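Colleague: What follows is a structure written as structure tokens; I'll ask about it next.
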Amino acid sequence: MEQFLQQMASGLANGAIYACVALALVMIFVSTDHINFAQGEMAMFSTYLSWQLMTWGANFWVAFVAAVLLSFVLGVVIERVVLRPLHTAPVLSIVVVFIGLLAICNSVAGAIWSYLLKEFPSPFPKTDFGIPGLIGPHQLGVVVITLLVLTALFVFFRYTPLGLAMRAAAQNPQMARLVGVRVDWMLALGWGLAAAVGAVAGIMVAHIVYLDPNMMGGILLYAFASALVGGISNPGGAVAGGFIVGVLENLVAYLGSQLEKTTGVYIIGNGEKLTVALIIVIFVLTVKPAGLFGRVVVKRV
Amino acid sequence: MAALLEVKGLKAFYGQTQALHDVGFDIEAGGITTLLGANGAGKTTTLRAICNMVRTEGSVRFDGAEIRGRATEEVVRLSIAHIPEGRGTFTTLTVEENLRIAAYTRRDRAGIAADLDRVFSYFPRLKERVQQQAGTLSGGEQQMLAIARALMLKPRLMLLDEPSFGLAPLIVQEIFRIMRRINQEDKVSMLLVEQNAALALDLADHAYVLETGRVVMSGPSSVVKNDENVRKSYLGY
Ligand SMILES: Nc1ncnc2c1ncn2[C@@H]1O[C@H](COP(=O)(O)OP(=O)(O)OP(=O)(O)O)[C@@H](O)[C@H]1O
Ligand SMILES: [Mg+2]
């Protein structure tokens with residue numbers, strides 16, 4: 001039982017990470033109809049930035065806030081400089097740009113900081129935090145921090161004029177211009193926010209997966225799966241999808257190990273988690289193509 | 001006194017095809033001007049050209065300043081409100097959000113609250129539905145919302161593209177009554193595109209007739225109304 005609860009708790013912590021990256025993907029998707037394949041590598045880069053600041057002596061939280069803000073600015077700059085000229089480009093060119101961006105982030109990070117695994121600290125106190133036997137201090141911290149960030153984003157989008165303008169620009173850019181919204185800037189802001197949320201995810205997960213230029217590869221896949229499960233055009237759904245996928249993969253691994261214990265046959269274990277998660281995603285999409293919380297959108301052309 | 005909006009030699013292009021050839025007209029401050037024409041004459045395109053939503057050549061002056069070629073959102077910020085064909089509400093946002101988004105560039109909270117009240121006094125139906133998603137409103141209510149939202153921009157000039165389209169006669173009458181009030185009480189000038197020429201000529205003081213991207217006739221509504229060609233082509237008697 002205790003093992004089961006621990007598995008679920010770590011599933012929640014992973015899910016929180018997936019939720020953040022999934023949300024970043026969705027934020028860009030709703031306003032551009034593109035999946036930013038470089039989202040994970042951008043988050044990895046942000047994580048290195050925070051690591052660099054820490055090696056220069058900054059406190060964890062100072063480095064955290066600074067890296068998140070820097071990522072925001074970088075996200076805005078990438079949109080304005082790299083993607084702006086491509087607004088009317090065909091989908092394939094944009095996919096190529098994303099893949100290029102991914103490769104650039106990866107190799108620049110490798111060149112500056114090398115491909116060696118680095119340990120990444122956890123900011124949460126080892127004692128007096130977490131619930132012994134249930135959830136570890138870092139896992140609890142990850143869940144708390146990501147929930148805070150997600151809540152802040154929710155409040156921003158739901159209750160502020162700028163958040164409203166961003167939603168309007170995503171929903172109907174032409175019409176948004178007709179009420180005076182500077183749609184191009186809203187897109188850039190969306191990129192900035194996505195990069196910032198990705199940075200939060202990267203910095204939170206680095207303690208678990210260690211820091212290296214390929215640390216976000218698997219996570220991006222999980223995040224993509226989460227976004228699809230939740231409904232790719234629904235931010236709330238993507239967040240829920242993240243937690244669902246996180247818990248589900250650990251549930252699968254747990255059940256697999258229980259099965260092995262009782263029957264002595266190894267069927268599913270940690271190594272198959274991703275496969276199983278993806279099979280579940282495919283299953284969900286077969287039954288509900290728009291995702292669990294998505295609406296079917298019929299495009300008028 | 002110079003006109004509020006002066007359009008001269010306006011051409012508009014969709015890719016290679018030219019939709020407007022030489023459109024010119026003036027809109028007097030405080031007046032209502034209507035643009036008539038058959039399907040495909042270029043009425044919608046003219047409104048879109050004023051807001052730079054298509055590629056254009058020529059001259060569009062608002063309040064004496066050249067605005068042709070300025071980004072759509074900047075034109076709107078000069079207090080020109082465009083209510084597009086098909087209404088264009090934000091379907092996934094609530095009625096209230098649709099109204100607030102138009103006030104997003106404004107910083108005067110008290111003014112915004114007062115304008116919301118004013119808009120609701122014009123359209124009490126919207127007040128009953130503030131939290132409803134705009135996409136679930138009826139056609140008439142969506143048109144009201146589109147006009148209400150335009151009002152929240154505090155416009156000096158409203159461009160209306162077929163506000164009567166697809167609506168029952170009673171609703172159309174209600175909306176046109178409100179448009180007249182907005183014109184008189186809020187001092188909003190209007191450029192009205194309408195298929196329903198009789199209605200438009202009743203409301204407007206000036207009329208222009210477009211044919212295949214050119215102005216072929218213009219004058220006070222009372223004169224245009226009695227023109228034989230207009231009567232045959234647009235009024236049907
Ligand atoms: N997006 C577009 N691409 C290419 N051609 C277009 C486009 N929109 C309009 N046109 C063409 O421009 C011309 C003028 O169209 P416009 O929509 O301005 O007509 P309209 O007077 O508003 O007609 P209606 O009364 O049917 O709304 C038409 O010949 C139309 O086919
Ligand atoms: Mg039209």
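The way I read the labels, and the way they are meant: chains A, B, ... in the order of the structure tokens, residue 1 as the first residue of every chain, and ligand 1 as the first ligand shown, with later ones counted on from there.
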Show me, as a PyMOL selection string, the residues that have an atom within 10 Å of Leu221 (chain A) when counting only C-alpha atoms, minus same-chain residues fewer than 3 positions from it.
Modeller: chain A and resi 18+21-22+37+40+216-218+224-227+274+277-278
Colleague: Could you dump the residues just selected with C-alpha atoms as a tab-separated table (two decimals), in the first residue's frame?
Modeller:
chain	number	residue	atom	x	y	z
A	18	TYR	CA	4.19	17.24	-18.02
A	21	VAL	CA	5.25	21.59	-20.77
A	22	ALA	CA	1.88	20.54	-22.19
A	37	PHE	CA	8.84	20.80	-31.18
A	40	GLY	CA	11.51	20.92	-24.55
A	216	MET	CA	13.74	17.08	-21.98
A	217	GLY	CA	13.44	14.65	-24.89
A	218	GLY	CA	11.26	12.08	-23.15
A	224	PHE	CA	2.68	16.04	-26.13
A	225	ALA	CA	0.73	12.95	-25.09
A	226	SER	CA	-0.76	14.92	-22.18
A	227	ALA	CA	-1.83	17.75	-24.42
A	274	LEU	CA	6.40	5.40	-22.09
A	277	ALA	CA	1.43	5.77	-21.91
A	278	LEU	CA	1.49	6.27	-25.66
Colleague: Report as a PyMOL selection string which protein, DNA and RNA residues come within 8 Å of ligand 2, using only C-alpha atoms and all ligand atoms.
Modeller: chain B and resi 39-40+42-45+85+161-162+193
Colleague: Please dump the current selection as a CSV table (one decimal), in the first residue's frame; keep all heavy atoms.
Modeller:
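File produced: part-v2.csv:
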chain,number,residue,atom,x,y,z
B,39,ASN,N,-24.5,42.3,-55.2
B,39,ASN,CA,-23.6,41.4,-54.6
B,39,ASN,C,-22.3,41.4,-55.4
B,39,ASN,O,-22.3,41.4,-56.7
B,39,ASN,CB,-24.1,40.0,-54.7
B,39,ASN,CG,-25.3,39.8,-53.7
B,39,ASN,OD1,-26.3,39.4,-54.1
B,39,ASN,ND2,-25.0,40.0,-52.5
B,40,GLY,N,-21.2,41.5,-54.7
B,40,GLY,CA,-19.9,41.5,-55.4
B,40,GLY,C,-19.5,42.9,-55.9
B,40,GLY,O,-18.4,43.0,-56.6
B,42,GLY,N,-18.3,45.3,-54.3
B,42,GLY,CA,-17.1,45.8,-53.6
B,42,GLY,C,-17.4,46.6,-52.3
B,42,GLY,O,-16.6,47.3,-51.8
B,43,LYS,N,-18.6,46.4,-51.7
B,43,LYS,CA,-19.0,47.1,-50.5
B,43,LYS,C,-18.2,46.7,-49.3
B,43,LYS,O,-17.6,47.5,-48.6
B,43,LYS,CB,-20.5,47.0,-50.2
B,43,LYS,CG,-21.4,47.3,-51.4
B,43,LYS,CD,-22.9,47.1,-51.1
B,43,LYS,CE,-23.2,45.6,-50.8
B,43,LYS,NZ,-23.1,44.7,-51.9
B,44,THR,N,-18.2,45.4,-49.1
B,44,THR,CA,-17.4,44.8,-48.0
B,44,THR,C,-15.9,45.2,-48.2
B,44,THR,O,-15.2,45.6,-47.3
B,44,THR,CB,-17.5,43.3,-48.0
B,44,THR,OG1,-18.9,43.0,-47.7
B,44,THR,CG2,-16.6,42.7,-46.9
B,45,THR,N,-15.4,45.1,-49.4
B,45,THR,CA,-14.0,45.4,-49.7
B,45,THR,C,-13.7,46.8,-49.4
B,45,THR,O,-12.6,47.1,-48.9
B,45,THR,CB,-13.7,45.1,-51.2
B,45,THR,OG1,-14.1,43.7,-51.5
B,45,THR,CG2,-12.2,45.3,-51.5
B,85,GLU,N,-18.9,41.9,-41.8
B,85,GLU,CA,-19.9,41.0,-42.3
B,85,GLU,C,-19.9,39.8,-41.5
B,85,GLU,O,-18.8,39.3,-41.1
B,85,GLU,CB,-19.4,40.7,-43.7
B,85,GLU,CG,-20.5,40.3,-44.7
B,85,GLU,CD,-19.9,40.2,-46.1
B,85,GLU,OE1,-18.7,39.9,-46.2
B,85,GLU,OE2,-20.6,40.5,-47.1
B,161,ASP,N,-21.3,46.5,-41.7
B,161,ASP,CA,-21.4,45.7,-42.9
B,161,ASP,C,-22.7,44.8,-42.8
B,161,ASP,O,-22.6,43.8,-42.1
B,161,ASP,CB,-20.2,44.8,-43.1
B,161,ASP,CG,-20.1,44.4,-44.6
B,161,ASP,OD1,-21.1,44.4,-45.3
B,161,ASP,OD2,-19.0,44.0,-45.0
B,162,GLU,N,-23.7,45.2,-43.4
B,162,GLU,CA,-25.0,44.5,-43.5
B,162,GLU,C,-25.5,44.0,-42.1
B,162,GLU,O,-25.6,42.8,-41.8
B,162,GLU,CB,-24.9,43.3,-44.4
B,162,GLU,CG,-24.5,43.7,-45.8
B,162,GLU,CD,-24.8,42.6,-46.8
B,162,GLU,OE1,-25.8,41.9,-46.6
B,162,GLU,OE2,-24.2,42.6,-47.9
B,193,VAL,N,-23.3,49.7,-44.9
B,193,VAL,CA,-23.4,48.9,-46.1
B,193,VAL,C,-24.7,48.0,-45.9
B,193,VAL,O,-24.8,47.4,-44.8
B,193,VAL,CB,-22.2,48.0,-46.3
B,193,VAL,CG1,-22.5,46.8,-47.2
B,193,VAL,CG2,-21.0,48.8,-46.8
Colleague: Where does DSSP see helix (DSSP H, G or I) in region 240-290 of chain A, if you list the residues as a VMD selection string?
Modeller: chain A and resid 240 to 263 270 to 287
Colleague: Filtering to N, CA and C atoms, could you give me those residues as a tab-separated table (two decimals), in the first residue's frame?
Modeller:
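What landed in result_8.tsv:
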chain	number	residue	atom	x	y	z
A	240	ALA	N	-4.76	18.97	-16.97
A	240	ALA	CA	-5.36	17.74	-16.44
A	240	ALA	C	-4.71	16.54	-17.10
A	241	GLY	N	-4.51	16.63	-18.43
A	241	GLY	CA	-3.89	15.55	-19.17
A	241	GLY	C	-2.50	15.22	-18.62
A	242	GLY	N	-1.75	16.25	-18.25
A	242	GLY	CA	-0.42	16.05	-17.69
A	242	GLY	C	-0.48	15.19	-16.44
A	243	PHE	N	-1.37	15.55	-15.53
A	243	PHE	CA	-1.49	14.79	-14.28
A	243	PHE	C	-1.99	13.37	-14.56
A	244	ILE	N	-2.92	13.26	-15.50
A	244	ILE	CA	-3.45	11.93	-15.82
A	244	ILE	C	-2.34	11.03	-16.35
A	245	VAL	N	-1.57	11.55	-17.31
A	245	VAL	CA	-0.50	10.74	-17.89
A	245	VAL	C	0.55	10.40	-16.83
A	246	GLY	N	0.91	11.38	-16.00
A	246	GLY	CA	1.91	11.14	-14.95
A	246	GLY	C	1.49	10.03	-14.01
A	247	VAL	N	0.26	10.11	-13.54
A	247	VAL	CA	-0.23	9.10	-12.59
A	247	VAL	C	-0.38	7.75	-13.29
A	248	LEU	N	-0.89	7.81	-14.50
A	248	LEU	CA	-1.16	6.59	-15.25
A	248	LEU	C	0.12	5.78	-15.49
A	249	GLU	N	1.19	6.45	-15.87
A	249	GLU	CA	2.40	5.70	-16.20
A	249	GLU	C	2.92	4.99	-14.95
A	250	ASN	N	2.82	5.66	-13.81
A	250	ASN	CA	3.30	5.02	-12.59
A	250	ASN	C	2.36	3.90	-12.15
A	251	LEU	N	1.09	4.11	-12.38
A	251	LEU	CA	0.12	3.06	-12.07
A	251	LEU	C	0.44	1.81	-12.86
A	252	VAL	N	0.74	2.03	-14.15
A	252	VAL	CA	1.08	0.91	-15.02
A	252	VAL	C	2.32	0.20	-14.50
A	253	ALA	N	3.34	0.97	-14.15
A	253	ALA	CA	4.57	0.37	-13.67
A	253	ALA	C	4.31	-0.39	-12.36
A	254	TYR	N	3.48	0.22	-11.50
A	254	TYR	CA	3.19	-0.42	-10.21
A	254	TYR	C	2.45	-1.74	-10.43
A	255	LEU	N	1.41	-1.68	-11.25
A	255	LEU	CA	0.64	-2.90	-11.50
A	255	LEU	C	1.54	-3.97	-12.11
A	256	GLY	N	2.44	-3.54	-13.01
A	256	GLY	CA	3.36	-4.48	-13.63
A	256	GLY	C	4.21	-5.17	-12.58
A	257	SER	N	4.73	-4.40	-11.63
A	257	SER	CA	5.60	-4.99	-10.62
A	257	SER	C	4.80	-5.90	-9.69
A	258	GLN	N	3.57	-5.53	-9.38
A	258	GLN	CA	2.73	-6.39	-8.55
A	258	GLN	C	2.48	-7.72	-9.26
A	259	LEU	N	2.22	-7.58	-10.55
A	259	LEU	CA	1.96	-8.76	-11.37
A	259	LEU	C	3.17	-9.68	-11.35
A	260	GLU	N	4.34	-9.07	-11.43
A	260	GLU	CA	5.56	-9.86	-11.46
A	260	GLU	C	5.73	-10.58	-10.13
A	261	LYS	N	5.39	-9.86	-9.03
A	261	LYS	CA	5.53	-10.45	-7.71
A	261	LYS	C	4.62	-11.66	-7.55
A	262	THR	N	3.38	-11.51	-7.99
A	262	THR	CA	2.42	-12.59	-7.74
A	262	THR	C	2.58	-13.73	-8.72
A	263	THR	N	2.89	-13.42	-9.98
A	263	THR	CA	2.96	-14.50	-10.96
A	263	THR	C	4.38	-14.89	-11.30
A	270	ASN	N	9.22	-0.49	-15.43
A	270	ASN	CA	9.58	0.90	-15.66
A	270	ASN	C	9.93	1.19	-17.11
A	271	GLY	N	10.60	0.22	-17.73
A	271	GLY	CA	11.10	0.44	-19.09
A	271	GLY	C	9.98	0.61	-20.11
A	272	GLU	N	8.82	0.08	-19.78
A	272	GLU	CA	7.74	0.12	-20.77
A	272	GLU	C	6.74	1.24	-20.50
A	273	LYS	N	7.05	2.06	-19.51
A	273	LYS	CA	6.08	3.09	-19.11
A	273	LYS	C	5.67	3.98	-20.28
A	274	LEU	N	6.68	4.45	-21.01
A	274	LEU	CA	6.40	5.40	-22.09
A	274	LEU	C	5.54	4.72	-23.16
A	275	THR	N	5.92	3.49	-23.49
A	275	THR	CA	5.15	2.77	-24.49
A	275	THR	C	3.69	2.67	-24.08
A	276	VAL	N	3.49	2.26	-22.82
A	276	VAL	CA	2.13	2.09	-22.36
A	276	VAL	C	1.39	3.42	-22.37
A	277	ALA	N	2.07	4.46	-21.92
A	277	ALA	CA	1.43	5.77	-21.91
A	277	ALA	C	0.98	6.15	-23.32
A	278	LEU	N	1.84	5.89	-24.29
A	278	LEU	CA	1.49	6.27	-25.66
A	278	LEU	C	0.36	5.42	-26.20
A	279	ILE	N	0.34	4.14	-25.81
A	279	ILE	CA	-0.76	3.28	-26.25
A	279	ILE	C	-2.08	3.83	-25.70
A	280	ILE	N	-2.04	4.27	-24.45
A	280	ILE	CA	-3.25	4.83	-23.85
A	280	ILE	C	-3.69	6.08	-24.61
A	281	VAL	N	-2.71	6.89	-24.96
A	281	VAL	CA	-3.03	8.11	-25.71
A	281	VAL	C	-3.72	7.75	-27.03
A	282	ILE	N	-3.15	6.80	-27.71
A	282	ILE	CA	-3.73	6.41	-29.01
A	282	ILE	C	-5.15	5.90	-28.80
A	283	PHE	N	-5.31	5.13	-27.71
A	283	PHE	CA	-6.64	4.61	-27.42
A	283	PHE	C	-7.63	5.75	-27.16
A	284	VAL	N	-7.22	6.69	-26.32
A	284	VAL	CA	-8.10	7.82	-26.01
A	284	VAL	C	-8.49	8.56	-27.29
A	285	LEU	N	-7.49	8.78	-28.14
A	285	LEU	CA	-7.76	9.55	-29.36
A	285	LEU	C	-8.64	8.78	-30.34
A	286	THR	N	-8.58	7.45	-30.27
A	286	THR	CA	-9.45	6.68	-31.15
A	286	THR	C	-10.90	6.83	-30.70
A	287	VAL	N	-11.07	6.81	-29.39
A	287	VAL	CA	-12.43	6.90	-28.86
A	287	VAL	C	-12.93	8.35	-28.88
Colleague: Of the candidates B:Val172, B:Leu93, B:Leu4, B:Ala41, which one gets nearest to ligand 1 if we count only C-alpha atoms and all ligand atoms?
Modeller: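 Among B:Val172, B:Leu93, B:Leu4, B:Ala41, it is B:Ala41 that comes nearest to ligand 1.
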Colleague: So that I can check the surroundings of region 27-33 of chain A, please list as a PyMOL selection string every protein, DNA and RNA residue that reaches within 10 Å of it, counting only C-alpha atoms and ignoring chain neighbours fewer than 2 positions away.
Modeller: chain A and resi 21-25+35-36+39+87+91+166-173+183+186-195+232-235+238
Colleague: Using only C-alpha atoms and all ligand atoms, what are the residues with an atom within 10 Å of ligand 1, set out as a ChimeraX atom specification?
Modeller: /B:12-20,35-49,54,85-86,161-162,165,193-195,210-213
Colleague: Provide as a PDB file with C-alpha atoms, in the first residue's frame the residues of chain B at most 12 Å from chain A, counting only C-alpha atoms.
Modeller:
ATOM      1  CA  LEU B  47     -14.927  48.779 -45.560  1.00  0.00           C
ATOM      2  CA  ARG B  48     -12.027  46.368 -45.351  1.00  0.00           C
ATOM      3  CA  ILE B  50     -10.512  51.579 -44.878  1.00  0.00           C
ATOM      4  CA  CYS B  51      -9.180  49.342 -42.086  1.00  0.00           C
ATOM      5  CA  ASN B  52      -6.294  48.057 -44.161  1.00  0.00           C
ATOM      6  CA  MET B  53      -7.509  44.468 -44.165  1.00  0.00           C
ATOM      7  CA  VAL B  54      -6.745  44.161 -47.892  1.00  0.00           C
ATOM      8  CA  ALA B  71      -2.091  48.505 -39.453  1.00  0.00           C
ATOM      9  CA  THR B  72      -5.694  47.540 -38.796  1.00  0.00           C
ATOM     10  CA  GLU B  73      -5.362  47.749 -35.014  1.00  0.00           C
ATOM     11  CA  GLU B  74      -3.863  51.233 -35.278  1.00  0.00           C
ATOM     12  CA  VAL B  75      -6.716  52.412 -37.494  1.00  0.00           C
ATOM     13  CA  VAL B  76      -9.159  51.046 -34.929  1.00  0.00           C
ATOM     14  CA  ARG B  77      -7.310  52.845 -32.161  1.00  0.00           C
ATOM     15  CA  LEU B  78      -7.983  56.112 -33.989  1.00  0.00           C
ATOM     16  CA  SER B  79     -11.622  55.428 -33.012  1.00  0.00           C
ATOM     17  CA  ILE B  80     -12.911  53.759 -36.152  1.00  0.00           C
ATOM     18  CA  ALA B  81     -15.064  50.752 -35.267  1.00  0.00           C
ATOM     19  CA  HIS B  82     -15.652  48.153 -37.950  1.00  0.00           C
ATOM     20  CA  ILE B  83     -18.496  45.684 -37.485  1.00  0.00           C
ATOM     21  CA  PRO B  84     -17.679  43.086 -40.096  1.00  0.00           C
ATOM     22  CA  GLU B  85     -19.917  41.033 -42.308  1.00  0.00           C
ATOM     23  CA  GLY B  86     -21.102  38.007 -40.342  1.00  0.00           C
ATOM     24  CA  ARG B  87     -20.715  39.929 -37.044  1.00  0.00           C
ATOM     25  CA  GLY B  88     -17.463  38.373 -35.903  1.00  0.00           C
ATOM     26  CA  THR B  89     -18.060  38.016 -32.203  1.00  0.00           C
ATOM     27  CA  PHE B  90     -15.573  35.988 -30.173  1.00  0.00           C
ATOM     28  CA  THR B  91     -17.686  32.859 -29.949  1.00  0.00           C
ATOM     29  CA  THR B  92     -15.844  31.180 -27.071  1.00  0.00           C
ATOM     30  CA  LEU B  93     -15.772  34.309 -24.918  1.00  0.00           C
ATOM     31  CA  THR B  94     -18.691  35.426 -22.806  1.00  0.00           C
ATOM     32  CA  GLU B  96     -19.138  40.439 -20.971  1.00  0.00           C
ATOM     33  CA  GLU B  97     -15.665  39.484 -22.192  1.00  0.00           C
ATOM     34  CA  ASN B  98     -16.641  40.434 -25.727  1.00  0.00           C
ATOM     35  CA  LEU B  99     -17.539  43.882 -24.444  1.00  0.00           C
ATOM     36  CA  ARG B 100     -14.534  44.248 -22.169  1.00  0.00           C
ATOM     37  CA  ILE B 101     -12.070  43.275 -24.862  1.00  0.00           C
ATOM     38  CA  ALA B 102     -13.105  46.353 -26.824  1.00  0.00           C
ATOM     39  CA  ALA B 103     -12.290  48.536 -23.839  1.00  0.00           C
ATOM     40  CA  TYR B 104      -8.912  46.867 -23.421  1.00  0.00           C
ATOM     41  CA  THR B 105      -6.985  49.846 -24.769  1.00  0.00           C
ATOM     42  CA  ARG B 106      -8.767  52.227 -22.408  1.00  0.00           C
ATOM     43  CA  ARG B 107      -7.532  53.024 -18.926  1.00  0.00           C
ATOM     44  CA  ARG B 109     -12.234  52.427 -15.389  1.00  0.00           C
ATOM     45  CA  ALA B 146     -21.274  43.305 -32.308  1.00  0.00           C
ATOM     46  CA  ILE B 147     -22.728  46.831 -32.224  1.00  0.00           C
ATOM     47  CA  ALA B 148     -22.422  46.991 -28.442  1.00  0.00           C
ATOM     48  CA  ARG B 149     -18.805  45.953 -28.627  1.00  0.00           C
ATOM     49  CA  ALA B 150     -18.105  48.578 -31.268  1.00  0.00           C
ATOM     50  CA  LEU B 151     -19.611  51.171 -28.916  1.00  0.00           C
ATOM     51  CA  MET B 152     -17.198  50.132 -26.170  1.00  0.00           C
ATOM     52  CA  LEU B 153     -14.391  51.361 -28.429  1.00  0.00           C
ATOM     53  CA  LYS B 154     -15.843  54.875 -28.044  1.00  0.00           C
ATOM     54  CA  PRO B 155     -15.770  55.287 -31.807  1.00  0.00           C
ATOM     55  CA  MET B 158     -18.682  53.153 -37.215  1.00  0.00           C
ATOM     56  CA  LEU B 159     -18.421  50.978 -40.304  1.00  0.00           C
TER      57      LEU B 159
END
Colleague: Just how far from CA of Asn183 (chain B) is CA of Gly31 (chain B), in Å to one decimal?
Modeller: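 These atoms are spaced 7.5 Å apart.
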Colleague: Just want the 7 Å neighbourhood of Lys11 (chain B), counted on only C-alpha atoms, with same-chain residues fewer than 3 positions away dropped. Output as a PyMOL selection string.
Modeller: chain B and resi 20-23+56-58
Colleague: How many Å separate CA of Gly30 (chain B) from CA of Asp186 (chain B)?
Modeller: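 Between CA of Gly30 (chain B) and CA of Asp186 (chain B) the gap is 9.5 Å.
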Colleague: Could you list, as a VMD selection string, every residue within 8 Å of Gly130 (chain A), counting only C-alpha atoms and ignoring same-chain residues fewer than 3 positions away?
Modeller: chain A and resid 127 134 to 141
Colleague: Could you pull out the residues in region 5-179 of chain B that DSSP calls strand (DSSP E) from the backbone, as a PDB file with C-alpha atoms, in the first residue's frame?
Modeller:
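Produced file states_20.pdb, reproduced below:
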ATOM      1  CA  LEU B   5     -13.477  60.514 -43.703  1.00  0.00           C
ATOM      2  CA  GLU B   6     -12.284  61.295 -47.212  1.00  0.00           C
ATOM      3  CA  VAL B   7     -11.678  58.435 -49.603  1.00  0.00           C
ATOM      4  CA  LYS B   8     -10.045  59.219 -52.936  1.00  0.00           C
ATOM      5  CA  GLY B   9      -8.997  56.978 -55.829  1.00  0.00           C
ATOM      6  CA  LEU B  10      -9.125  53.909 -53.607  1.00  0.00           C
ATOM      7  CA  LYS B  11      -8.082  50.643 -55.231  1.00  0.00           C
ATOM      8  CA  ALA B  12      -8.062  47.267 -53.493  1.00  0.00           C
ATOM      9  CA  PHE B  13      -6.557  43.932 -54.460  1.00  0.00           C
ATOM     10  CA  TYR B  14      -7.017  40.313 -53.448  1.00  0.00           C
ATOM     11  CA  THR B  17      -7.473  40.409 -58.684  1.00  0.00           C
ATOM     12  CA  GLN B  18      -8.522  43.976 -58.299  1.00  0.00           C
ATOM     13  CA  ALA B  19     -11.784  44.380 -56.400  1.00  0.00           C
ATOM     14  CA  LEU B  20     -11.945  48.199 -56.178  1.00  0.00           C
ATOM     15  CA  HIS B  21     -10.964  50.322 -59.154  1.00  0.00           C
ATOM     16  CA  ASP B  22     -11.573  53.899 -58.206  1.00  0.00           C
ATOM     17  CA  VAL B  23     -13.673  54.502 -55.162  1.00  0.00           C
ATOM     18  CA  GLY B  24     -14.105  57.953 -53.737  1.00  0.00           C
ATOM     19  CA  PHE B  25     -16.528  59.371 -51.195  1.00  0.00           C
ATOM     20  CA  ASP B  26     -16.748  61.637 -48.177  1.00  0.00           C
ATOM     21  CA  ILE B  27     -18.410  61.086 -44.849  1.00  0.00           C
ATOM     22  CA  ILE B  32     -24.915  58.491 -41.694  1.00  0.00           C
ATOM     23  CA  THR B  33     -23.737  57.520 -45.149  1.00  0.00           C
ATOM     24  CA  THR B  34     -24.809  54.366 -46.900  1.00  0.00           C
ATOM     25  CA  LEU B  35     -23.042  52.364 -49.546  1.00  0.00           C
ATOM     26  CA  LEU B  36     -25.332  50.445 -51.882  1.00  0.00           C
ATOM     27  CA  GLY B  37     -24.535  47.967 -54.603  1.00  0.00           C
ATOM     28  CA  ARG B  55      -3.933  45.523 -50.047  1.00  0.00           C
ATOM     29  CA  THR B  56      -4.829  49.034 -51.192  1.00  0.00           C
ATOM     30  CA  GLU B  57      -3.704  52.014 -53.203  1.00  0.00           C
ATOM     31  CA  GLY B  58      -5.064  55.549 -53.140  1.00  0.00           C
ATOM     32  CA  SER B  59      -5.928  57.765 -50.236  1.00  0.00           C
ATOM     33  CA  VAL B  60      -7.990  57.421 -47.079  1.00  0.00           C
ATOM     34  CA  ARG B  61      -7.964  60.437 -44.773  1.00  0.00           C
ATOM     35  CA  PHE B  62      -9.528  60.386 -41.340  1.00  0.00           C
ATOM     36  CA  ALA B  65      -4.694  62.626 -41.573  1.00  0.00           C
ATOM     37  CA  GLU B  66      -3.721  59.966 -44.093  1.00  0.00           C
ATOM     38  CA  ILE B  80     -12.911  53.759 -36.152  1.00  0.00           C
ATOM     39  CA  ALA B  81     -15.064  50.752 -35.267  1.00  0.00           C
ATOM     40  CA  HIS B  82     -15.652  48.153 -37.950  1.00  0.00           C
ATOM     41  CA  ILE B  83     -18.496  45.684 -37.485  1.00  0.00           C
ATOM     42  CA  LEU B 157     -16.925  56.494 -36.929  1.00  0.00           C
ATOM     43  CA  MET B 158     -18.682  53.153 -37.215  1.00  0.00           C
ATOM     44  CA  LEU B 159     -18.421  50.978 -40.304  1.00  0.00           C
ATOM     45  CA  LEU B 160     -21.337  48.568 -40.424  1.00  0.00           C
ATOM     46  CA  ASP B 161     -21.430  45.696 -42.905  1.00  0.00           C
TER      47      ASP B 161
END
Colleague: Can you work out the spacing between CA of Phe64 (chain A) and CA of Ala223 (chain A) in Å, to one decimal?
Modeller: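 CA of Phe64 (chain A) sits 21.4 Å away from CA of Ala223 (chain A).
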